[in-house]
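The structure appears below as C-alpha cells.
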Amino acid sequence: MQKSGGCLLLIFGISDYANNRQLIPRPQEIAFFFFRQPRANLQASWLVVCLLLAIISHTATANTELPRHNPVPGGIAIIPIPKSLTAEITEPKAYFEKNRVMLLPATDAESQWIAVVGIPLTSTPGQQKLTLINTRATETSIHFDIEPKNYQEQHLNIKNKRQVNPLQQDLERIQREQAEIIGAFKSWHSTSTHFSLFEMPAEGEISSPFGLRRFFNNQPRNPHSGLDIAAPEGAPIYAPADGQVITTGNYFFNGNTVLISHYNGLVTMYCHMKRIDVTPGDPVKKGTPLGLVGKTGRVTGAHLHWSVSLNNARVDPALLLSRE
Ligand SMILES: [Zn+2]
C-alpha cells in the first residue's frame with residue numbers, strides 16, 4: 001500500500017513535465033500499462049516503474065529549474081562545464097567579464113556544474129570566454145558564442161525636461177545613486193545553491209519589453225534594462241522568489257526603489273514605487289509584499305519597472321519566469 005502511494009505521488013509529480021516535453025508517458029498511459037498486466041507481474045512492474053519514475057522526476061527537477069538559454073546581448077547562456085575541468089574542485093568559481101557567475105549543480109554524466117551567465121546588452125556578438133578558477137588558482141577558459149539580436153526602438157515624451165537633461169546639480173546625485181545601484185548588482189551572497197524560477201512581481205500586461213532602444217524627447221538614451229508591467233498606482237508588488245533585501249532608496253531616475261539578492265549574483269530591482277514596505281537586510285520569500293506600484297522618478301505614468309541582473313548584467317526577466 002505504501003509503495004503504491006509513493007508511485008502515485010511520483011506520477012503526479014512528473015505529469016506537468018511530461019505534458020510540456022512529450023517525452024514521458026502520461027499518467028493515463030501508465031494506468032493503461034497496468035491495466036493490461038497479469039496479476040502475478042503487477043508487483044514487479046510497480047517496482048520497475050517506480051524506479052523509472054524516480055529517475056525521470058530527478059532529471060525533470062534539474063532541467064526545469066533553469067533559466068531559458070538565449071545567448072544574445074541581454075540574454076542568458078546556460079553552459080555545462082565538462083567534468084574534466086572541475087573534477088578536483090569542490091567549489092569552483094567562474095567569471096565573465098570580471099564578474100562572478102552563478103554555478104548550479106548539474107546531474108548529467110558529462111558535467112558536475114552548469115554556469116548561468118548573464119550577457120550585458122553592450123556585449124559584442126561572437127566568441128566570448130568564461131573563466132574558471134581551479135584549486136591551484138590557475139585559470140581555464142570555456143568558449144561560447146553570443147548571437148546578435150536587434151531590439152526595437154521606443155520613443156517617449158517626458159514633460160519634466162530636467163529628467164531628460166539633468167541640471168549640473170543633479171549630476172552628482174545621479175552619479176552617487178548609480179554607484180549605489182551598481183554596488184547592489186555586484187553584490188554576491190552564496191548562502192544557497194538552490195535556484196527557483198520567478199513568478200511575476202505584479203499583476204498586469206507587459207507594457208514595455210526588455211531591451212528597447214530608447215529615445216526620450218527624441219534624444220537617444222540607455223536601452224530599456226528591464227520590463228514594465230502596466231499596473232495601477234497602489235497595486236501590490238511581490239517578491240518573485242526567495243532572497244534578501246540589499247538596499248532601498250529614492251533615486252533621481254528610478255524613484256522609490258527596492259533591490260533584492262536571490263543569491264549567486266542574481267539581483268532584482270523594483271522602481272517608481274509609491275510606497276516601500278521592506279528595509280535592507282529583510283529576508284523575503286516568494287510572494288512577500290515589497291510595497292506598492294507608483295509613478296515616482298522618470299515616468300510617463302504609474303507602472304512597475306522590473307530589472308533582473310545576473311553577474312552584473314541586466315538580462316530579460318522573461319527568461320527567468322516560471323513556465324507553468
Ligand atoms: Zn521600465
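By order of appearance in the C-alpha cells: chains A, B, ..., then residues from 1 within every chain, and ligands from 1 in the order shown.
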
If you run DSSP on the backbone, which residues of range 68-221 of chain A are helix (DSSP H, G or I), as a ChimeraX atom specification?
/A:83-86,161-163,168-186

Write a file of the just-selected residues containing C-alpha atoms, as a PDB file, in the first residue's frame.
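So the final result, stored in result00.pdb, reads:
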```pdb
ATOM      1  CA  LYS A  83      33.778  17.286 -15.591  1.00  0.00           C
ATOM      2  CA  SER A  84      37.381  17.182 -16.776  1.00  0.00           C
ATOM      3  CA  LEU A  85      37.705  20.866 -15.775  1.00  0.00           C
ATOM      4  CA  THR A  86      36.109  20.656 -12.328  1.00  0.00           C
ATOM      5  CA  LYS A 161      12.731  68.258 -19.139  1.00  0.00           C
ATOM      6  CA  ARG A 162      15.117  68.127 -16.170  1.00  0.00           C
ATOM      7  CA  GLN A 163      14.660  64.320 -16.123  1.00  0.00           C
ATOM      8  CA  GLN A 168      24.611  70.222 -13.148  1.00  0.00           C
ATOM      9  CA  GLN A 169      23.472  69.930  -9.513  1.00  0.00           C
ATOM     10  CA  ASP A 170      21.525  66.737 -10.361  1.00  0.00           C
ATOM     11  CA  LEU A 171      24.539  65.009 -11.954  1.00  0.00           C
ATOM     12  CA  GLU A 172      26.365  64.492  -8.669  1.00  0.00           C
ATOM     13  CA  ARG A 173      23.287  62.898  -7.133  1.00  0.00           C
ATOM     14  CA  ILE A 174      22.765  60.682 -10.221  1.00  0.00           C
ATOM     15  CA  GLN A 175      26.398  59.503 -10.109  1.00  0.00           C
ATOM     16  CA  ARG A 176      26.196  58.682  -6.408  1.00  0.00           C
ATOM     17  CA  GLU A 177      22.962  56.753  -6.920  1.00  0.00           C
ATOM     18  CA  GLN A 178      24.309  54.866  -9.939  1.00  0.00           C
ATOM     19  CA  ALA A 179      27.298  53.727  -7.851  1.00  0.00           C
ATOM     20  CA  GLU A 180      24.934  52.525  -5.098  1.00  0.00           C
ATOM     21  CA  ILE A 181      22.753  50.596  -7.576  1.00  0.00           C
ATOM     22  CA  ILE A 182      25.749  49.024  -9.393  1.00  0.00           C
ATOM     23  CA  GLY A 183      27.183  48.077  -5.965  1.00  0.00           C
ATOM     24  CA  ALA A 184      23.935  46.195  -5.244  1.00  0.00           C
ATOM     25  CA  PHE A 185      24.011  44.491  -8.667  1.00  0.00           C
ATOM     26  CA  LYS A 186      27.597  43.358  -7.992  1.00  0.00           C
TER      27      LYS A 186
END
```

Write out, as a Markdown table, each residue of range 90-177 of chain A that has an atom at most 10 Å from range 261-283 of chain A, together with the closest pair of atoms and their distance in Å to one decimal, counting only C-alpha atoms, rows going by chain and rising number.
```
| residue | atom | partner | partner_atom | distance |
| --- | --- | --- | --- | --- |
| A:Asn99 | CA | A:Gly265 | CA | 8.7 |
| A:Arg100 | CA | A:Gly265 | CA | 7.1 |
| A:Val101 | CA | A:Gly265 | CA | 6.7 |
| A:Met102 | CA | A:Asn264 | CA | 5.1 |
| A:Leu103 | CA | A:Asn264 | CA | 7.7 |
| A:Leu104 | CA | A:Asn264 | CA | 9.2 |
| A:Val116 | CA | A:Asn264 | CA | 9.8 |
| A:Val117 | CA | A:Gly265 | CA | 9.9 |
| A:Gly118 | CA | A:Leu266 | CA | 9.2 |
```

For the selection you just gave me, I'd like the residues written to a file as a PDB file, in the first residue's frame, keeping C-alpha atoms.
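Output saved as result.pdb:
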```
ATOM      1  CA  ASN A  99      32.086  39.391 -12.618  1.00  0.00           C
ATOM      2  CA  ARG A 100      31.485  36.174 -10.672  1.00  0.00           C
ATOM      3  CA  VAL A 101      28.995  33.868 -12.391  1.00  0.00           C
ATOM      4  CA  MET A 102      26.250  31.640 -10.918  1.00  0.00           C
ATOM      5  CA  LEU A 103      27.125  27.933 -10.881  1.00  0.00           C
ATOM      6  CA  LEU A 104      24.399  25.359 -10.240  1.00  0.00           C
ATOM      7  CA  VAL A 116      24.276  30.508 -15.765  1.00  0.00           C
ATOM      8  CA  VAL A 117      25.813  33.535 -17.475  1.00  0.00           C
ATOM      9  CA  GLY A 118      24.106  36.915 -17.833  1.00  0.00           C
TER      10      GLY A 118
END
```

Test item: residues lying within 12 Å of ligand 1 with only C-alpha atoms and all ligand atoms, as a ChimeraX atom specification:
/A:154,156,206-214,222-230,253-255,269-273,295,297-308,316-317

Selection file, N, CA and C atoms, as a tab-separated table (two decimals), in the first residue's frame:
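In the end it all went to part-v3.tsv:
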```tsv
chain	number	residue	atom	x	y	z
A	154	GLN	N	12.09	52.67	-29.13
A	154	GLN	CA	10.92	53.22	-28.44
A	154	GLN	C	11.15	54.71	-28.21
A	156	LEU	N	9.78	58.11	-26.28
A	156	LEU	CA	8.93	58.53	-25.16
A	156	LEU	C	9.03	60.04	-24.97
A	206	ILE	N	2.47	43.36	-19.89
A	206	ILE	CA	3.81	43.94	-20.08
A	206	ILE	C	3.66	45.07	-21.08
A	207	SER	N	3.84	46.31	-20.59
A	207	SER	CA	3.58	47.47	-21.45
A	207	SER	C	4.83	47.88	-22.20
A	208	SER	N	6.00	47.45	-21.76
A	208	SER	CA	7.24	47.82	-22.44
A	208	SER	C	8.25	46.70	-22.18
A	209	PRO	N	8.61	45.94	-23.24
A	209	PRO	CA	9.51	44.81	-23.02
A	209	PRO	C	10.96	45.24	-22.76
A	210	PHE	N	11.77	44.26	-22.45
A	210	PHE	CA	13.19	44.48	-22.17
A	210	PHE	C	13.96	44.80	-23.45
A	211	GLY	N	14.96	45.66	-23.34
A	211	GLY	CA	15.95	45.85	-24.40
A	211	GLY	C	15.66	46.93	-25.42
A	212	LEU	N	14.46	47.57	-25.33
A	212	LEU	CA	14.11	48.60	-26.32
A	212	LEU	C	15.18	49.68	-26.38
A	213	ARG	N	15.53	50.10	-27.62
A	213	ARG	CA	16.49	51.21	-27.78
A	213	ARG	C	15.70	52.50	-27.60
A	214	ARG	N	16.03	53.24	-26.53
A	214	ARG	CA	15.15	54.32	-26.11
A	214	ARG	C	15.57	55.72	-26.53
A	222	ASN	N	20.05	55.38	-22.66
A	222	ASN	CA	20.34	53.97	-22.42
A	222	ASN	C	19.15	53.09	-22.81
A	223	PRO	N	19.42	51.84	-23.29
A	223	PRO	CA	18.31	50.95	-23.63
A	223	PRO	C	17.51	50.56	-22.39
A	224	HIS	N	16.30	50.07	-22.62
A	224	HIS	CA	15.41	49.68	-21.52
A	224	HIS	C	15.96	48.42	-20.85
A	225	SER	N	16.44	48.58	-19.61
A	225	SER	CA	17.18	47.49	-18.97
A	225	SER	C	16.31	46.62	-18.08
A	226	GLY	N	14.99	46.69	-18.27
A	226	GLY	CA	14.08	45.84	-17.52
A	226	GLY	C	12.79	45.71	-18.31
A	227	LEU	N	11.74	45.25	-17.67
A	227	LEU	CA	10.45	45.30	-18.36
A	227	LEU	C	9.45	46.05	-17.50
A	228	ASP	N	8.46	46.66	-18.19
A	228	ASP	CA	7.45	47.45	-17.49
A	228	ASP	C	6.15	46.67	-17.41
A	229	ILE	N	5.58	46.64	-16.21
A	229	ILE	CA	4.30	45.98	-16.01
A	229	ILE	C	3.26	47.08	-15.77
A	230	ALA	N	2.21	47.07	-16.62
A	230	ALA	CA	1.16	48.09	-16.51
A	230	ALA	C	0.25	47.72	-15.35
A	253	PHE	N	16.23	58.98	-11.23
A	253	PHE	CA	15.52	58.38	-12.37
A	253	PHE	C	14.54	57.30	-11.95
A	254	ASN	N	14.98	56.44	-11.02
A	254	ASN	CA	14.20	55.23	-10.69
A	254	ASN	C	13.12	55.46	-9.63
A	255	GLY	N	13.10	56.64	-9.00
A	255	GLY	CA	12.12	56.89	-7.95
A	255	GLY	C	12.34	55.97	-6.76
A	269	MET	N	15.38	44.36	-9.25
A	269	MET	CA	15.16	45.76	-8.86
A	269	MET	C	13.74	46.19	-9.24
A	270	TYR	N	13.09	46.93	-8.33
A	270	TYR	CA	11.71	47.40	-8.49
A	270	TYR	C	11.73	48.92	-8.40
A	271	CYS	N	11.22	49.60	-9.43
A	271	CYS	CA	11.35	51.07	-9.47
A	271	CYS	C	9.99	51.78	-9.54
A	272	HIS	N	10.06	53.10	-9.31
A	272	HIS	CA	8.92	54.03	-9.42
A	272	HIS	C	7.81	53.73	-8.39
A	273	MET	N	8.20	53.10	-7.27
A	273	MET	CA	7.19	52.67	-6.30
A	273	MET	C	6.55	53.84	-5.56
A	295	LYS	N	4.41	56.13	-9.38
A	295	LYS	CA	4.90	56.86	-10.55
A	295	LYS	C	6.00	57.86	-10.14
A	297	GLY	N	9.96	59.20	-9.84
A	297	GLY	CA	11.12	59.18	-10.75
A	297	GLY	C	10.73	59.53	-12.17
A	298	ARG	N	11.53	59.07	-13.16
A	298	ARG	CA	11.28	59.44	-14.56
A	298	ARG	C	10.26	58.49	-15.18
A	299	VAL	N	9.02	58.91	-15.25
A	299	VAL	CA	7.95	58.06	-15.79
A	299	VAL	C	6.99	58.88	-16.64
A	300	THR	N	6.20	58.17	-17.46
A	300	THR	CA	5.10	58.83	-18.17
A	300	THR	C	3.77	58.51	-17.48
A	301	GLY	N	3.79	57.57	-16.53
A	301	GLY	CA	2.58	57.20	-15.78
A	301	GLY	C	2.91	56.09	-14.82
A	302	ALA	N	1.91	55.69	-13.99
A	302	ALA	CA	2.15	54.62	-13.00
A	302	ALA	C	2.43	53.30	-13.69
A	303	HIS	N	3.45	52.60	-13.24
A	303	HIS	CA	3.77	51.24	-13.71
A	303	HIS	C	4.88	50.69	-12.82
A	304	LEU	N	5.13	49.39	-12.93
A	304	LEU	CA	6.29	48.80	-12.23
A	304	LEU	C	7.38	48.53	-13.26
A	305	HIS	N	8.56	49.12	-13.04
A	305	HIS	CA	9.74	48.76	-13.83
A	305	HIS	C	10.47	47.68	-13.04
A	306	TRP	N	10.71	46.54	-13.69
A	306	TRP	CA	11.34	45.37	-13.04
A	306	TRP	C	12.60	45.01	-13.81
A	307	SER	N	13.74	45.11	-13.12
A	307	SER	CA	15.02	44.72	-13.73
A	307	SER	C	15.53	43.45	-13.08
A	308	VAL	N	16.20	42.61	-13.87
A	308	VAL	CA	16.85	41.40	-13.36
A	308	VAL	C	18.31	41.46	-13.77
A	316	ASP	N	16.96	39.92	-19.75
A	316	ASP	CA	15.50	39.91	-19.97
A	316	ASP	C	14.82	39.08	-18.87
A	317	PRO	N	14.00	39.72	-18.00
A	317	PRO	CA	13.34	38.98	-16.91
A	317	PRO	C	12.50	37.81	-17.43
```

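Interatomic distance, CA of Asn218 in chain A to CA of Asn256 in chain A: 25.9 Å.
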
Tell me which protein, DNA and RNA residues are within 12 Å of Glu97 in chain A, counting only C-alpha atoms, leaving out same-chain ones fewer than 4 positions away, and put them as an MDAnalysis selection string.
chainID A and resid 101 117:120 122:123 128:132 311:313

What would the file look like if the residues just selected were written as a PDB file, in the first residue's frame with C-alpha atoms?
```pdb
ATOM      1  CA  VAL A 101      28.995  33.868 -12.391  1.00  0.00           C
ATOM      2  CA  VAL A 117      25.813  33.535 -17.475  1.00  0.00           C
ATOM      3  CA  GLY A 118      24.106  36.915 -17.833  1.00  0.00           C
ATOM      4  CA  ILE A 119      25.159  38.676 -21.055  1.00  0.00           C
ATOM      5  CA  PRO A 120      25.240  42.511 -20.937  1.00  0.00           C
ATOM      6  CA  THR A 122      26.564  46.036 -24.576  1.00  0.00           C
ATOM      7  CA  SER A 123      28.269  42.666 -25.372  1.00  0.00           C
ATOM      8  CA  GLN A 128      33.343  35.019 -25.661  1.00  0.00           C
ATOM      9  CA  LYS A 129      35.027  33.226 -22.809  1.00  0.00           C
ATOM     10  CA  LEU A 130      34.033  32.087 -19.358  1.00  0.00           C
ATOM     11  CA  THR A 131      36.976  31.885 -16.955  1.00  0.00           C
ATOM     12  CA  LEU A 132      37.193  29.071 -14.410  1.00  0.00           C
ATOM     13  CA  ASN A 311      26.648  38.675 -12.778  1.00  0.00           C
ATOM     14  CA  ASN A 312      26.088  42.452 -13.034  1.00  0.00           C
ATOM     15  CA  ALA A 313      24.460  42.118 -16.486  1.00  0.00           C
TER      16      ALA A 313
END
```

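Here CA of Leu321 in chain A stands at a distance of 28.7 Å from CA of Phe252 in chain A.
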
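Distance-wise, CA of Pro73 in chain A and CA of Leu121 in chain A end up 4.4 Å apart.
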
Among the residues of range 53-296 of chain A, find those DSSP assigns to strand (DSSP E or B) from the backbone and print them as a PyMOL selection string.
chain A and resi 70+76-82+93-96+99-105+111-118+126-133+139-146+153-156+198+205-208+213-216+219-220+227-230+236-238+243-251+255-261+266-273+275-276+283-284+289-292+294

Which polymer residues have any atom within 10 Å of an atom of Pro148 in chain A, counting only C-alpha atoms, with same-chain residues fewer than 3 positions away left out, as a ChimeraX atom specification?
/A:71-73,123-126,145,151

Exercise: Ser196 in chain A partners within 9 Å, only C-alpha atoms, chain neighbours under 2 positions left out, as a CSV table (one decimal) with C-alpha atoms, in the first residue's frame:
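File written: out.csv
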```
chain,number,residue,atom,x,y,z
A,65,GLU,CA,14.7,24.8,-12.7
A,66,LEU,CA,17.0,26.7,-15.1
A,67,PRO,CA,16.5,30.0,-16.9
A,194,HIS,CA,19.2,26.4,-4.8
A,198,PHE,CA,10.4,33.6,-10.9
A,241,ALA,CA,11.5,34.3,-5.4
A,242,ASP,CA,13.2,33.9,-2.1
A,320,LEU,CA,13.6,33.5,-15.7
A,322,SER,CA,8.2,30.1,-14.4
```

Closest to Ile81 in chain A among A:His143, A:His69, A:His189, A:Arg314, using only C-alpha atoms?
A:His143

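Distances here use only C-alpha atoms; by that measure, the residue among A:Ala94, A:Asn157, A:Arg323, A:Glu233 closest to Ile142 in chain A is A:Ala94.
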